[in-house]
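Asker: Just so it is clear, I am handing over entry02.txt, which has compact mmCIF, C-alpha atoms.
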# COMPACT_ATOMS: atom_id res chain seq x y z
CA MET H 19 -0.49 13.61 24.18
CA ASP H 20 1.62 10.88 25.77
CA GLU H 21 4.96 10.78 23.94
CA THR H 22 6.41 7.76 25.78
CA PRO H 23 8.44 5.61 23.36
CA ILE H 24 6.57 2.59 22.05
CA ALA H 25 8.21 -0.76 22.73
CA GLN H 26 8.15 -3.63 20.24
CA ALA H 27 6.13 -5.73 22.67
CA ASP H 28 3.41 -3.07 22.59
CA LEU H 29 3.12 -2.94 18.81
CA PRO H 30 1.50 -5.86 16.98
CA PRO H 31 2.25 -6.36 13.27
CA PHE H 32 -0.92 -4.55 12.11
CA MET H 33 -2.38 -1.27 13.43
CA ASP H 34 -5.40 0.64 12.17
CA ALA H 35 -5.64 4.23 10.98
CA ALA H 36 -7.41 5.40 14.16
CA TRP H 37 -4.48 4.20 16.26
CA LEU H 38 -2.02 5.90 13.91
CA GLU H 39 -3.92 9.19 14.09
CA ALA H 40 -3.81 9.04 17.88
CA HIS H 41 -0.10 8.21 18.04
CA ARG H 42 1.37 10.16 15.13
CA ARG H 43 3.74 12.08 17.41
CA ASN H 44 5.19 8.83 18.74
CA VAL H 45 6.03 7.11 15.45
CA VAL H 46 7.74 7.61 12.12
CA ILE H 47 5.31 7.02 9.26
CA ALA H 48 7.04 5.27 6.36
CA ASP H 49 5.81 5.24 2.77
CA ALA H 50 7.20 2.02 1.25
CA ARG H 51 5.53 2.00 -2.15
CA TRP H 52 7.36 -0.06 -4.77
CA TYR H 53 6.18 -1.71 -7.98
CA LEU H 54 7.29 -4.93 -9.61
CA ASP H 55 6.70 -3.43 -13.07
CA GLY H 56 9.36 -0.79 -12.43
CA ALA H 57 7.04 2.16 -11.83
CA SER H 58 8.52 4.73 -9.47
CA GLY H 59 7.51 4.52 -5.84
CA ARG H 60 9.22 7.87 -5.28
CA SER H 61 7.04 9.51 -7.91
CA ALA H 62 3.96 8.07 -6.23
CA TYR H 63 5.17 9.48 -2.90
CA ASP H 64 5.78 12.91 -4.45
CA GLY H 65 2.27 12.85 -5.86
CA GLY H 66 0.75 12.52 -2.39
CA HIS H 67 1.63 10.81 0.87
CA LEU H 68 0.47 10.65 4.46
CA PRO H 69 1.40 13.72 6.50
CA ASP H 70 5.04 13.72 7.65
CA ALA H 71 5.70 10.33 6.03
CA VAL H 72 9.25 9.57 4.91
CA PHE H 73 9.86 7.64 1.69
CA VAL H 74 11.68 4.33 2.06
CA ASP H 75 13.40 3.23 -1.14
CA LEU H 76 13.15 -0.56 -1.25
CA ASP H 77 15.90 -0.90 -3.84
CA ALA H 78 18.32 1.37 -1.94
CA TRP H 79 17.74 0.42 1.70
CA LEU H 80 15.76 -2.82 1.90
CA SER H 81 17.58 -4.90 -0.74
CA GLY H 82 21.07 -5.90 -1.67
CA ASP H 83 22.25 -6.03 -5.26
CA PRO H 84 20.43 -8.47 -7.57
CA GLY H 85 22.52 -11.51 -8.35
CA PRO H 86 22.88 -15.21 -7.63
CA HIS H 87 20.99 -14.84 -4.35
CA GLY H 88 17.89 -13.42 -6.02
CA LEU H 89 16.42 -10.13 -7.13
CA ASN H 90 15.97 -8.59 -3.69
CA PRO H 91 18.32 -10.24 -1.20
CA LEU H 92 18.52 -8.68 2.24
CA PRO H 93 21.00 -5.79 2.34
CA ASP H 94 24.02 -5.72 4.56
CA PRO H 95 22.90 -4.61 8.03
CA GLU H 96 25.10 -1.53 7.69
CA VAL H 97 23.24 -0.46 4.54
CA PHE H 98 19.87 -0.94 6.22
CA ALA H 99 21.04 0.99 9.28
CA SER H 100 22.35 3.85 7.13
CA GLY H 101 19.03 4.14 5.33
CA MET H 102 16.99 4.06 8.50
CA SER H 103 19.26 6.61 10.17
CA SER H 104 18.89 9.01 7.26
CA LEU H 105 15.10 8.76 7.56
CA GLY H 106 15.04 9.68 11.22
CA ILE H 107 14.48 6.11 12.41
CA GLY H 108 16.60 5.33 15.46
CA ASP H 109 17.16 2.37 17.71
CA ASP H 110 14.02 3.10 19.76
CA THR H 111 11.83 4.60 17.04
CA ALA H 112 8.47 3.00 16.37
CA VAL H 113 7.54 2.83 12.69
CA VAL H 114 4.19 2.44 10.96
CA ALA H 115 4.61 1.62 7.28
CA TYR H 116 2.16 1.64 4.41
CA ASP H 117 1.88 1.21 0.66
CA ASP H 118 -0.99 1.29 -1.82
CA ALA H 119 -1.28 -2.51 -2.05
CA GLY H 120 -2.79 -3.37 1.32
CA GLY H 121 0.64 -3.69 2.91
CA VAL H 122 2.07 -6.58 0.89
CA ILE H 123 5.06 -4.43 -0.15
CA ALA H 124 5.51 -2.42 3.05
CA ALA H 125 5.59 -5.74 4.90
CA ARG H 126 9.25 -6.08 3.86
CA LEU H 127 10.23 -3.00 5.87
CA VAL H 128 8.10 -3.99 8.85
CA TRP H 129 9.48 -7.54 8.90
CA MET H 130 13.07 -6.28 8.67
CA LEU H 131 12.56 -3.85 11.53
CA ARG H 132 10.79 -6.37 13.76
CA ALA H 133 13.32 -9.11 12.98
CA SER H 134 16.15 -6.81 14.01
CA GLY H 135 14.45 -5.85 17.28
CA HIS H 136 12.65 -2.61 16.42
CA PRO H 137 8.97 -1.73 16.98
CA ALA H 138 7.15 -1.61 13.65
CA ALA H 139 3.70 -2.29 12.23
CA LEU H 140 1.79 -2.15 8.99
CA LEU H 141 -1.00 0.37 8.56
CA ASP H 142 -3.93 -2.00 8.14
CA GLY H 143 -5.52 -1.27 4.80
CA GLY H 144 -2.56 0.72 3.55
CA MET H 145 -2.89 4.16 2.09
CA ALA H 146 -6.58 3.66 1.32
CA ALA H 147 -7.32 3.39 5.05
CA TRP H 148 -6.17 6.99 5.62
CA THR H 149 -9.10 9.37 5.28
CA GLY H 150 -7.28 12.60 6.07
CA PRO H 151 -5.53 14.95 3.65
CA LEU H 152 -2.33 14.00 1.88
CA GLU H 153 0.84 16.02 1.50
CA THR H 154 3.13 16.53 -1.48
CA THR H 155 6.01 18.22 0.33
CA PRO H 156 8.78 15.71 1.13
CA ALA H 157 9.50 15.11 4.78
CA LYS H 158 12.77 16.47 6.16
CA PRO H 159 13.78 13.97 8.82
CA ILE H 160 16.50 14.59 11.39
CA PRO H 161 19.06 11.77 11.17
CA ALA H 162 18.94 9.33 14.07
CA THR H 163 21.21 6.63 15.48
CA PHE H 164 20.26 3.19 14.16
CA THR H 165 22.74 0.55 15.22
CA PRO H 166 23.35 -2.23 12.67
CA VAL H 167 22.84 -5.77 13.96
CA PRO H 168 23.27 -9.07 12.10
CA TRP H 169 20.16 -10.56 10.54
CA PRO H 170 18.98 -13.21 13.00
CA GLY H 171 19.63 -16.69 11.68
CA SER H 172 16.61 -18.02 13.53
CA ARG H 173 14.32 -15.88 11.38
CA LEU H 174 15.88 -16.79 8.03
CA ALA H 175 16.07 -19.80 5.74
CA GLN H 176 18.79 -20.25 3.15
CA LEU H 177 18.86 -22.10 -0.16
CA GLU H 178 20.50 -25.04 1.60
CA ASP H 179 17.47 -25.34 3.90
CA ILE H 180 15.21 -25.58 0.86
CA THR H 181 17.23 -28.04 -1.18
CA ALA H 182 17.91 -30.28 1.82
CA GLY H 183 14.20 -30.80 2.40
CA PRO H 184 13.29 -28.82 5.52
CA ALA H 185 11.50 -30.30 8.50
CA GLY H 186 8.58 -27.96 8.02
CA ILE H 187 6.24 -26.38 5.51
CA ILE H 188 7.42 -24.21 2.62
CA VAL H 189 4.77 -21.57 1.86
CA ASP H 190 4.65 -19.68 -1.43
CA ALA H 191 3.05 -16.22 -1.04
CA ARG H 192 2.62 -15.53 -4.77
CA ASN H 193 -0.72 -15.53 -6.53
CA ALA H 194 -2.06 -18.96 -7.48
CA ASP H 195 -1.40 -18.52 -11.21
CA ARG H 196 2.31 -17.94 -10.63
CA PHE H 197 2.45 -20.79 -8.13
CA ASP H 198 0.85 -23.33 -10.47
CA GLY H 199 2.82 -22.12 -13.49
CA THR H 200 -0.04 -20.84 -15.64
CA LEU H 201 1.54 -17.37 -15.43
CA GLN H 202 5.24 -16.68 -15.73
CA LEU H 203 6.28 -13.06 -15.20
CA PRO H 204 9.42 -11.70 -16.87
CA THR H 205 11.06 -11.71 -13.43
CA ASP H 206 10.40 -15.44 -12.95
CA PRO H 207 13.36 -17.59 -14.00
CA GLN H 208 10.94 -20.39 -14.90
CA ALA H 209 7.29 -21.26 -14.34
CA GLY H 210 6.08 -23.10 -11.26
CA HIS H 211 7.12 -23.38 -7.65
CA ILE H 212 9.51 -25.10 -5.25
CA PRO H 213 8.62 -28.82 -5.14
CA GLY H 214 6.53 -29.66 -2.12
CA ALA H 215 5.57 -26.07 -1.38
CA VAL H 216 2.01 -25.04 -0.53
CA ASN H 217 0.33 -21.85 -1.68
CA VAL H 218 -1.11 -19.18 0.61
CA PRO H 219 -1.32 -16.07 -1.60
CA CYS H 220 -0.54 -13.12 0.63
CA ARG H 221 -3.09 -10.91 -1.11
CA GLU H 222 -5.77 -13.32 0.04
CA ASN H 223 -4.93 -12.34 3.62
CA LEU H 224 -6.83 -9.16 2.77
CA SER H 225 -10.52 -8.43 2.52
CA PRO H 226 -11.96 -6.79 -0.63
CA HIS H 227 -11.38 -3.46 1.15
CA GLY H 228 -7.69 -4.19 1.56
CA ARG H 229 -7.82 -4.78 5.33
CA LEU H 230 -6.40 -7.83 7.05
CA ARG H 231 -9.10 -10.46 7.35
CA PRO H 232 -10.33 -11.36 10.85
CA ILE H 233 -7.84 -13.45 12.79
CA ALA H 234 -10.11 -16.51 12.67
CA GLU H 235 -10.13 -16.35 8.85
CA VAL H 236 -6.37 -15.93 8.69
CA ARG H 237 -5.93 -18.97 10.92
CA THR H 238 -8.33 -20.98 8.77
CA ALA H 239 -6.46 -20.11 5.57
CA PHE H 240 -3.20 -21.40 7.01
CA ALA H 241 -4.85 -24.41 8.63
CA ARG H 242 -6.07 -25.52 5.19
CA VAL H 243 -2.45 -26.18 4.23
CA GLY H 244 -1.54 -27.80 7.53
CA ILE H 245 -0.17 -24.80 9.41
CA ASP H 246 -1.12 -24.21 13.02
CA ASP H 247 2.30 -23.11 14.24
CA ALA H 248 4.54 -20.69 12.35
CA ALA H 249 7.65 -22.31 13.83
CA THR H 250 7.31 -24.91 11.06
CA VAL H 251 7.00 -22.34 8.26
CA ILE H 252 9.46 -21.09 5.65
CA SER H 253 7.83 -18.27 3.65
CA TYR H 254 8.96 -17.29 0.16
CA CYS H 255 7.71 -15.43 -2.89
CA GLY H 256 9.43 -14.11 -5.99
CA SER H 257 12.21 -12.34 -4.11
CA GLY H 258 11.40 -12.11 -0.43
CA VAL H 259 9.15 -9.04 -0.43
CA THR H 260 5.52 -10.14 -0.27
CA ALA H 261 6.52 -13.31 1.61
CA CYS H 262 6.94 -11.01 4.62
CA HIS H 263 3.20 -10.32 4.63
CA ASN H 264 2.45 -13.98 5.30
CA LEU H 265 4.93 -13.98 8.17
CA LEU H 266 3.37 -10.87 9.70
CA ALA H 267 -0.13 -12.29 9.27
CA LEU H 268 0.92 -15.50 11.03
CA GLU H 269 2.42 -13.55 13.91
CA HIS H 270 -0.61 -11.24 14.18
CA ALA H 271 -2.89 -14.28 14.31
CA GLY H 272 -0.99 -15.60 17.31
CA LEU H 273 0.69 -18.45 15.44
CA GLY H 274 4.25 -17.36 16.15
CA GLN H 275 7.20 -16.45 13.97
CA GLY H 276 8.24 -18.30 10.84
CA ARG H 277 11.34 -17.94 8.69
CA LEU H 278 11.86 -15.90 5.54
CA TYR H 279 13.55 -17.37 2.48
CA ALA H 280 14.60 -14.05 1.00
CA GLY H 281 16.12 -15.51 -2.16
CA GLY H 282 12.72 -16.88 -3.12
CA TRP H 283 11.83 -18.16 -6.53
CA SER H 284 14.26 -15.73 -8.17
CA GLU H 285 17.13 -17.58 -6.49
CA TYR H 286 15.83 -21.14 -6.37
CA GLY H 287 14.30 -21.19 -9.86
CA ALA H 288 17.42 -19.75 -11.49
CA GLY H 289 19.66 -22.57 -10.37
CA PRO H 290 20.70 -24.97 -13.12
CA GLY H 291 19.03 -28.32 -12.74
CA ARG H 292 16.63 -27.21 -10.01
CA ARG H 293 13.26 -28.75 -10.72
CA ALA H 294 10.07 -26.71 -10.73
CA GLU H 295 6.74 -28.18 -9.76
CA LEU H 296 3.62 -27.21 -11.70
CA GLY H 297 -0.04 -27.28 -10.75
Just give me the structure as structure tokens.

Answerer:
Amino acid sequence: MDETPIAQADLPPFMDAAWLEAHRRNVVIADARWYLDGASGRSAYDGGHLPDAVFVDLDAWLSGDPGPHGLNPLPDPEVFASGMSSLGIGDDTAVVAYDDAGGVIAARLVWMLRASGHPAALLDGGMAAWTGPLETTPAKPIPATFTPVPWPGSRLAQLEDITAGPAGIIVDARNADRFDGTLQLPTDPQAGHIPGAVNVPCRENLSPHGRLRPIAEVRTAFARVGIDDAATVISYCGSGVTACHNLLALEHAGLGQGRLYAGGWSEYGAGPGRRAELG
């Protein structure tokens, strides 16, 4: 087995289970299950996970404290680095992450790693794509050196970019009913969406089997809302988690890299006097 380190340039945003099986010795497998309803991702991991997978706690390592900048703002780079180090993920470690939702949650980890210069990919199809046995024994990773770096400004949008009226397209990754305001979850500060935004629900990037749709279909879905170049895109969702899936899908489809508005609706919609658009 070739154990040469995998460079970021060699790892597209989505990889299938056959590739993962062939390269398991070269990557860290990361279980990034997390649930908006508060169910425990750690309990799900303990109940069965891919062999040798480490559990990545989204609340501890992939988010800052909830507050005026939203429910899941990006953490300080030092916090992210500490978490990755403790999981055996180092500066040159390739990571393949999965969840049980087709990757729409694990996309947060993959986007954060790729944006900070590390090789990372989603397991296409998520946990359901793995046909081998699962394990219940927690992994015992050897700590690694993961150097903190600032979040790249070129990959991020801030509230000021939204309220100023960006020269681009704001894409909402939430389901259509939350976008149009017919459904308001308890985590939504109000119903509706950022005025002028378009809706590309990230879960519709997936086939009924939970795999990423063919690249031509992904391109068509974005083209319907006027997107043929991700450089014009600011992606958001409730709090910057599932919005990452749209960004990874755009990149995988060869459309380039957009920007993440991590504060999302939980930041924008909570601001006094900020208008929501319905329908």

Asker: Show me, as a Markdown table, the residues of stretch 69-150 of chain H having an atom within 9 Å of stretch 223-243 of chain H, each with the closest atom pair and its distance in Å, using all atoms listed in the file.

Answerer:
| residue | atom | partner | partner_atom | distance |
| --- | --- | --- | --- | --- |
| H:Ala119 | CA | H:Gly228 | CA | 7.5 |
| H:Gly120 | CA | H:Gly228 | CA | 5.0 |
| H:Gly121 | CA | H:Gly228 | CA | 8.5 |
| H:Asp142 | CA | H:Arg229 | CA | 5.5 |
| H:Gly143 | CA | H:Arg229 | CA | 4.2 |
| H:Gly144 | CA | H:Gly228 | CA | 7.4 |
| H:Ala146 | CA | H:Gly228 | CA | 7.9 |
| H:Ala147 | CA | H:Arg229 | CA | 8.2 |

Asker: Rounded to one decimal in Å, what is the spacing between atom CA of H:Gly106 and atom CA of H:Pro159?

Answerer: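 Straight-line distance from atom CA of H:Gly106 to atom CA of H:Pro159 works out to 5.1 Å.
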
Asker: Would you please work out which residue, of H:Val72, H:Cys262, H:Ala248, H:Val45, is nearest to H:Cys220 when using all atoms listed in the file?

Answerer: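 Looking only at the distances to H:Cys220, the closest residue turns out to be H:Cys262.
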
Asker: Can you work out which one of H:Glu153, H:Glu295, H:Asp83, H:Asp247 has the shortest atom-to-atom distance to H:Gly65, counting all atoms listed in the file?

Answerer: H:Glu153

Asker: Using only C-alpha atoms, which of the listed residues (H:Gly210, H:Pro290, H:Pro95, H:Pro204) sits closest to H:Phe164?

Answerer: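 When distances to H:Phe164 are compared using only C-alpha atoms, the smallest one comes from H:Pro95.
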
Asker: Using only C-alpha atoms for the distances, tell me which of H:Val122, H:Ala78, H:Ile160, H:Leu177 is nearest to H:Ala267.

Answerer: H:Val122

Asker: So, with only C-alpha atoms as the atoms that count, which of H:Gly256, H:Gly297, H:Pro156, H:Gly287 lies closest to H:Arg60?

Answerer: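 Between H:Gly256, H:Gly297, H:Pro156, H:Gly287, the residue approaching H:Arg60 most closely is H:Pro156.
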
Asker: With distances taken over all atoms listed in the file, which residue among H:Pro207, H:Met130, H:Phe32, H:Ala50 lies nearest H:Tyr116?

Answerer: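 Closest to H:Tyr116 of all the choices is H:Ala50.
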
Asker: Name the residues in contact with stretch 168-170 of chain H at a cut-off of 10 Å, using only C-alpha atoms, excluding same-chain residues fewer than 4 positions from it; report them as a list in words.

Answerer: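 Result of the neighbour search: Leu92, Pro93, Asp94, Pro95, Glu96, Met130, Ala133, Ser134, Gly135, Leu174 and Arg277 of chain H.
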
Asker: Would you kindly identify which residues have an atom no farther than 9 Å from (17.2, 0.8, 7.1), using all atoms listed in the file and the file's own coordinates, and write them out as number ranges by chain?

Answerer: H: 74, 79-80, 93, 95-105, 107, 127, 130-131, 164, 166

Asker: If you count only C-alpha atoms, which residues fall within 9 Å of stretch 68-71 of chain H, apart from same-chain ones fewer than 4 positions away, as a PyMOL selection string?

Answerer: chain H and resi 46-49+63+115+145+148+150-159

Asker: Extract, using all atoms listed in the file, all DNA, RNA and protein residues at most 12 Å from H:Glu178, discarding same-chain residues fewer than 2 positions from it, and format them as a list in words.

Answerer: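 Returned residues: His87, Leu174, Ala175, Gln176, Ile180, Thr181, Ala182, Gly183, Pro184, Tyr279, Gly281, Glu285 and Tyr286 of chain H.
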
Asker: Find the distance between atom CA of H:Thr260 and atom CA of H:Ile123 and write it in Å to one decimal.

Answerer: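 The value is 5.7 Å.
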
Asker: Please provide the set of residues having any atom within 12 Å of H:Leu203, restricted to all atoms listed in the file, with same-chain residues fewer than 4 positions apart removed, written as a VMD selection string.

Answerer: chain H and resid 54 to 55 192 to 193 195 to 197 199 207 to 210 256 283 to 284

Asker: Would you work out the distance separating atom CA of H:Ala194 from atom CA of H:His263, expressed in Å to one decimal?

Answerer: 15.8 Å

Asker: Hey, can you pull every residue with an atom no more than 8 Å from (1.5, -19.3, 1.6), using only C-alpha atoms, and send it as number ranges by chain?

Answerer: H: 188-192, 216-220, 240, 253-254, 261, 264
